[in-house]
Amino acid sequence: MAASGLAVAVWLPGRDDVASADVHGHDSAAQFGHSAFQDDFNENGLDRSKWSLLGDNGAPVDGGAQVSDGELQVDRLLRSRQRFTDAFGHAEARIKVRRENGVWRAFAVLDETGRVPQGTLETIDGGIDPTSGRHFHTYAIDWSPETVVWSVDGKPSLRLLRAQPGGPLTLVLNLATDGRSSTDMVVDFVRVFTSPTGPPTASPSEPSDSASPEPSDSASPPESPSPSPSESTSPEPTSPPESPSPSATPSATATIAAWAPFVAYQAGDLVTFAGATYRVLEAHTSLPGWEPTKLPELFAKV
């Protein structure tokens with residue numbers, strides 16, 4: 001089940017890039033209760049019973065991760081093998097990574113189909129989106145049947161209002177950090193706490209100390225303007241499906257819009273790109289780098 005290319009049509013400004021507290025060894029269990037999953041990366045290498053490494057094409061790979069001094073250094077997509085079936089959960093990871101805007105690029109959840117849960121995304125005022133990669137930050141995800149909320153260093157940053165009640169989830173790290181492929185990431189720990197009846201905590205965890213701020217140095221937003229956060233839709237499949245046979249060529253009188261990023265396309269839609277017409281093979285939200293000529297699994301030339 002590929003995770004390559006997964007992305008969200010939302011742009012978050014990389015403001016308030018503040019170093020998080022040094023919370024290595026933080027006793028999360030005292031705050032959230034029973035741990036459903038934990039990895040402090042204290043072994044000699046990556047525990048393959050807990051994690052799968054995926055290449056940029058979504059296929060499993062052997063290399064790309066090493067453990068040193070209690071920290072995981074990884075330049076591949078990292079996905080948990082364990083599925084979390086409880087309706088409520090809190091996951092947190094202490095991460096250092098230079099990336100593009102969007103907290104989900106560092107730490108996210110996937111549903112049983114390998115996709116980010118469907119729904120509407122909203123940015124949250126006051127949330128931060130640290131992108132410089134100069135410091136560790138504690139990323140957290142709190143989920144319920146109705147919502148998924150991302151937080152950084154205890155400050156909520158992004159909310160997904162789920163279109164359908166929740167199902168089993170898996171974790172994924174280092175996700176499409178430039179919108180197309182993974183990058184170098186350092187992970188101190190990953191922990192998950194779940195409950196079948198209610199949230200493991202009333203609010204996201206906060207670091208035990210504060211640190212001095214640093215200037216923001218986020219990357220520029222995409223060339224094409226992103227939609228209003230309240231209207232953003234969640235991303236579609238991590239692995240493009242097999243291409244069905246294209247339908248007949250449309251009539252010359254049909255008005256066909258040019259392909260553009262940050263557009264929610266439906267199967268059967270027609271777009272033009274580089275002088276040619278393409279049919280959309282499966283519903284998805286387009287992103288920069290997802291041009292029809294690059295993704296034959298999503299577009300068929302007609």
# chains A, B, ... in the order shown; residues from 1 in each chain; ligands from 1
>>> residues_around(residues="Asp188 in chain A", least_positions_apart="2", cutoff="12 Å", atoms="only C-alpha atoms", output="VMD selection string")
chain A and resid 22 to 26 38 to 42 67 to 74 92 to 97 135 to 139 185 to 186 190 to 191
>>> atom_distance(atom1="CA of Ser80 in chain A", atom2="CA of Thr183 in chain A")
17.8 Å
>>> select_by_dssp(residues="range 29-171 of chain A", states="strand (DSSP E or B)", output="compact mmCIF listing (two decimals) with N, CA and C atoms, in the first residue's frame")
# COMPACT_ATOMS: atom_id res chain seq x y z
N SER A 35 -0.02 2.97 27.11
CA SER A 35 0.60 3.16 25.80
C SER A 35 0.24 2.01 24.88
N ALA A 36 -0.26 2.34 23.67
CA ALA A 36 -0.58 1.32 22.67
C ALA A 36 0.61 1.03 21.77
N PHE A 37 1.57 1.96 21.72
CA PHE A 37 2.73 1.80 20.83
C PHE A 37 3.81 2.75 21.33
N GLN A 38 5.07 2.30 21.27
CA GLN A 38 6.17 3.15 21.68
C GLN A 38 7.46 2.68 21.03
N ASP A 39 8.24 3.64 20.56
CA ASP A 39 9.57 3.34 20.06
C ASP A 39 10.48 4.52 20.41
N TRP A 51 8.05 -1.05 12.04
CA TRP A 51 8.06 -0.06 10.96
C TRP A 51 8.30 -0.69 9.60
N SER A 52 7.74 -0.02 8.58
CA SER A 52 8.05 -0.32 7.18
C SER A 52 8.70 0.91 6.57
N LEU A 53 9.76 0.70 5.80
CA LEU A 53 10.39 1.78 5.05
C LEU A 53 9.89 1.71 3.61
N LEU A 54 9.51 2.87 3.07
CA LEU A 54 8.99 2.93 1.71
C LEU A 54 9.79 3.93 0.89
N PRO A 60 8.40 -1.06 -0.79
CA PRO A 60 9.28 -1.30 0.37
C PRO A 60 10.75 -1.25 -0.03
N ALA A 65 17.60 4.05 6.75
CA ALA A 65 17.37 4.35 8.17
C ALA A 65 18.52 3.80 8.99
N GLN A 66 18.95 4.60 9.97
CA GLN A 66 19.95 4.13 10.92
C GLN A 66 19.68 4.73 12.28
N VAL A 67 20.02 4.00 13.33
CA VAL A 67 19.80 4.44 14.70
C VAL A 67 21.14 4.71 15.35
N SER A 68 21.25 5.87 16.01
CA SER A 68 22.48 6.25 16.68
C SER A 68 22.15 7.12 17.88
N GLU A 71 18.50 7.99 18.57
CA GLU A 71 17.77 8.77 17.57
C GLU A 71 17.77 8.02 16.24
N LEU A 72 16.65 8.09 15.56
CA LEU A 72 16.53 7.48 14.24
C LEU A 72 16.79 8.54 13.17
N GLN A 73 17.70 8.26 12.26
CA GLN A 73 17.92 9.10 11.10
C GLN A 73 17.37 8.36 9.89
N VAL A 74 16.44 9.00 9.19
CA VAL A 74 15.74 8.31 8.11
C VAL A 74 15.56 9.26 6.94
N LEU A 77 10.15 7.30 3.57
CA LEU A 77 8.86 7.29 4.25
C LEU A 77 8.88 6.19 5.30
N LEU A 78 8.35 6.47 6.46
CA LEU A 78 8.35 5.54 7.58
C LEU A 78 6.91 5.31 8.01
N ARG A 79 6.46 4.06 7.92
CA ARG A 79 5.06 3.76 8.23
C ARG A 79 4.98 2.67 9.30
N SER A 80 4.09 2.87 10.27
CA SER A 80 3.94 1.87 11.33
C SER A 80 3.26 0.62 10.78
N PHE A 84 -4.15 1.07 14.52
CA PHE A 84 -4.79 1.48 15.77
C PHE A 84 -6.29 1.54 15.54
N PHE A 88 -10.54 6.60 19.67
CA PHE A 88 -9.86 7.81 20.12
C PHE A 88 -8.39 7.51 20.32
N GLY A 89 -7.55 8.49 20.00
CA GLY A 89 -6.13 8.26 20.18
C GLY A 89 -5.33 9.54 20.22
N HIS A 90 -4.14 9.45 20.80
CA HIS A 90 -3.17 10.54 20.84
C HIS A 90 -1.82 9.96 20.45
N ALA A 91 -1.22 10.47 19.39
CA ALA A 91 0.10 10.04 18.95
C ALA A 91 1.03 11.24 18.99
N GLU A 92 2.27 11.01 19.39
CA GLU A 92 3.23 12.11 19.42
C GLU A 92 4.60 11.60 19.00
N ALA A 93 5.35 12.50 18.39
CA ALA A 93 6.70 12.17 17.93
C ALA A 93 7.55 13.42 18.03
N ARG A 94 8.78 13.24 18.50
CA ARG A 94 9.72 14.35 18.58
C ARG A 94 10.62 14.27 17.36
N ILE A 95 10.53 15.31 16.51
CA ILE A 95 11.09 15.23 15.16
C ILE A 95 11.89 16.49 14.84
N LYS A 96 12.96 16.31 14.10
CA LYS A 96 13.69 17.43 13.50
C LYS A 96 13.77 17.18 12.01
N VAL A 97 13.23 18.10 11.22
CA VAL A 97 13.22 17.91 9.77
C VAL A 97 13.06 19.25 9.07
N ARG A 98 13.82 19.46 8.03
CA ARG A 98 13.63 20.62 7.15
C ARG A 98 12.66 20.20 6.07
N PHE A 107 4.36 14.28 10.15
CA PHE A 107 3.71 13.26 10.98
C PHE A 107 2.24 13.23 10.58
N ALA A 108 1.73 12.04 10.20
CA ALA A 108 0.34 11.96 9.74
C ALA A 108 -0.22 10.58 10.06
N VAL A 109 -1.52 10.43 9.81
CA VAL A 109 -2.18 9.13 9.94
C VAL A 109 -2.83 8.77 8.61
N LEU A 110 -2.91 7.48 8.33
CA LEU A 110 -3.55 6.97 7.13
C LEU A 110 -4.67 6.03 7.54
N GLY A 119 -12.22 14.37 4.32
CA GLY A 119 -12.92 15.40 5.07
C GLY A 119 -12.46 16.78 4.65
N THR A 120 -12.70 17.76 5.52
CA THR A 120 -12.38 19.16 5.27
C THR A 120 -11.30 19.62 6.23
N LEU A 121 -10.29 20.28 5.69
CA LEU A 121 -9.18 20.77 6.51
C LEU A 121 -9.39 22.22 6.90
N GLU A 122 -9.00 22.54 8.13
CA GLU A 122 -9.05 23.91 8.63
C GLU A 122 -7.74 24.23 9.34
N THR A 123 -7.17 25.39 9.04
CA THR A 123 -6.03 25.84 9.83
C THR A 123 -6.55 26.41 11.14
N SER A 132 12.26 24.89 9.46
CA SER A 132 13.68 25.13 9.23
C SER A 132 14.52 23.88 9.40
N HIS A 137 11.03 19.39 17.35
CA HIS A 137 9.70 19.83 17.75
C HIS A 137 8.86 18.59 18.06
N THR A 138 7.94 18.73 19.00
CA THR A 138 7.06 17.62 19.35
C THR A 138 5.75 17.77 18.58
N TYR A 139 5.55 16.86 17.62
CA TYR A 139 4.33 16.83 16.82
C TYR A 139 3.34 15.87 17.49
N ALA A 140 2.08 16.26 17.50
CA ALA A 140 1.06 15.39 18.09
C ALA A 140 -0.15 15.33 17.18
N ILE A 141 -0.80 14.18 17.20
CA ILE A 141 -2.05 13.98 16.45
C ILE A 141 -3.07 13.41 17.43
N ASP A 142 -4.22 14.08 17.54
CA ASP A 142 -5.32 13.59 18.36
C ASP A 142 -6.49 13.27 17.44
N TRP A 143 -6.97 12.03 17.50
CA TRP A 143 -8.08 11.67 16.62
C TRP A 143 -9.29 11.18 17.41
N THR A 147 -12.94 13.94 14.14
CA THR A 147 -11.87 14.88 13.81
C THR A 147 -10.50 14.24 13.93
N VAL A 148 -9.53 14.88 13.25
CA VAL A 148 -8.11 14.63 13.45
C VAL A 148 -7.46 15.99 13.63
N VAL A 149 -6.74 16.20 14.74
CA VAL A 149 -6.13 17.49 15.03
C VAL A 149 -4.63 17.33 15.16
N TRP A 150 -3.87 18.14 14.40
CA TRP A 150 -2.42 18.18 14.48
C TRP A 150 -2.00 19.31 15.40
N SER A 151 -1.01 19.07 16.25
CA SER A 151 -0.45 20.09 17.13
C SER A 151 1.06 20.04 17.05
N VAL A 152 1.69 21.18 17.31
CA VAL A 152 3.15 21.26 17.38
C VAL A 152 3.53 21.97 18.67
N LYS A 155 0.63 23.33 20.63
CA LYS A 155 -0.27 24.33 20.02
C LYS A 155 -1.00 23.70 18.84
N PRO A 156 -2.33 23.60 18.88
CA PRO A 156 -3.07 23.06 17.73
C PRO A 156 -2.79 23.87 16.48
N SER A 157 -2.61 23.19 15.35
CA SER A 157 -2.22 23.85 14.11
C SER A 157 -3.16 23.57 12.95
N LEU A 158 -3.71 22.35 12.89
CA LEU A 158 -4.53 21.94 11.73
C LEU A 158 -5.59 20.97 12.20
N ARG A 159 -6.80 21.13 11.66
CA ARG A 159 -7.91 20.24 12.04
C ARG A 159 -8.55 19.66 10.77
N LEU A 160 -8.77 18.35 10.79
CA LEU A 160 -9.48 17.67 9.73
C LEU A 160 -10.84 17.23 10.25
N LEU A 161 -11.90 17.73 9.65
CA LEU A 161 -13.26 17.30 9.97
C LEU A 161 -13.58 16.11 9.08
N ARG A 162 -13.69 14.94 9.67
CA ARG A 162 -13.79 13.71 8.91
C ARG A 162 -15.16 13.57 8.24
N LEU A 169 -6.33 3.18 11.88
CA LEU A 169 -5.35 4.15 11.39
C LEU A 169 -3.94 3.59 11.56
N THR A 170 -3.04 4.02 10.69
CA THR A 170 -1.62 3.76 10.85
C THR A 170 -0.88 5.08 10.83
N LEU A 171 0.34 5.09 11.37
CA LEU A 171 1.16 6.30 11.38
C LEU A 171 2.06 6.33 10.16
>>> closest_residue(among="A:Thr277, A:Ser144, A:Asn101, A:Thr85", to="Asp129 in chain A", atoms="only C-alpha atoms")
A:Asn101
>>> atom_distance(atom1="CA of Asp153 in chain A", atom2="CA of Gln118 in chain A")
25.3 Å
>>> atom_distance(atom1="CA of Gly63 in chain A", atom2="CA of Leu46 in chain A")
10.1 Å
>>> residues_around(residues="Val271 in chain A", least_positions_apart="6", cutoff="6 Å", atoms="only C-alpha atoms", output="PyMOL selection string")
chain A and resi 256-259+277-278
>>> write_last_selection(atoms="C-alpha atoms", output="PDB file, in the first residue's frame")
ATOM      1  CA  ILE A 256     -12.213  21.579 -21.287  1.00  0.00           C
ATOM      2  CA  ALA A 257     -10.340  23.396 -18.531  1.00  0.00           C
ATOM      3  CA  ALA A 258      -6.574  23.381 -18.313  1.00  0.00           C
ATOM      4  CA  TRP A 259      -5.017  21.232 -15.591  1.00  0.00           C
ATOM      5  CA  THR A 277      -6.359  16.327 -23.489  1.00  0.00           C
ATOM      6  CA  TYR A 278      -6.417  13.885 -20.576  1.00  0.00           C
TER       7      TYR A 278
END
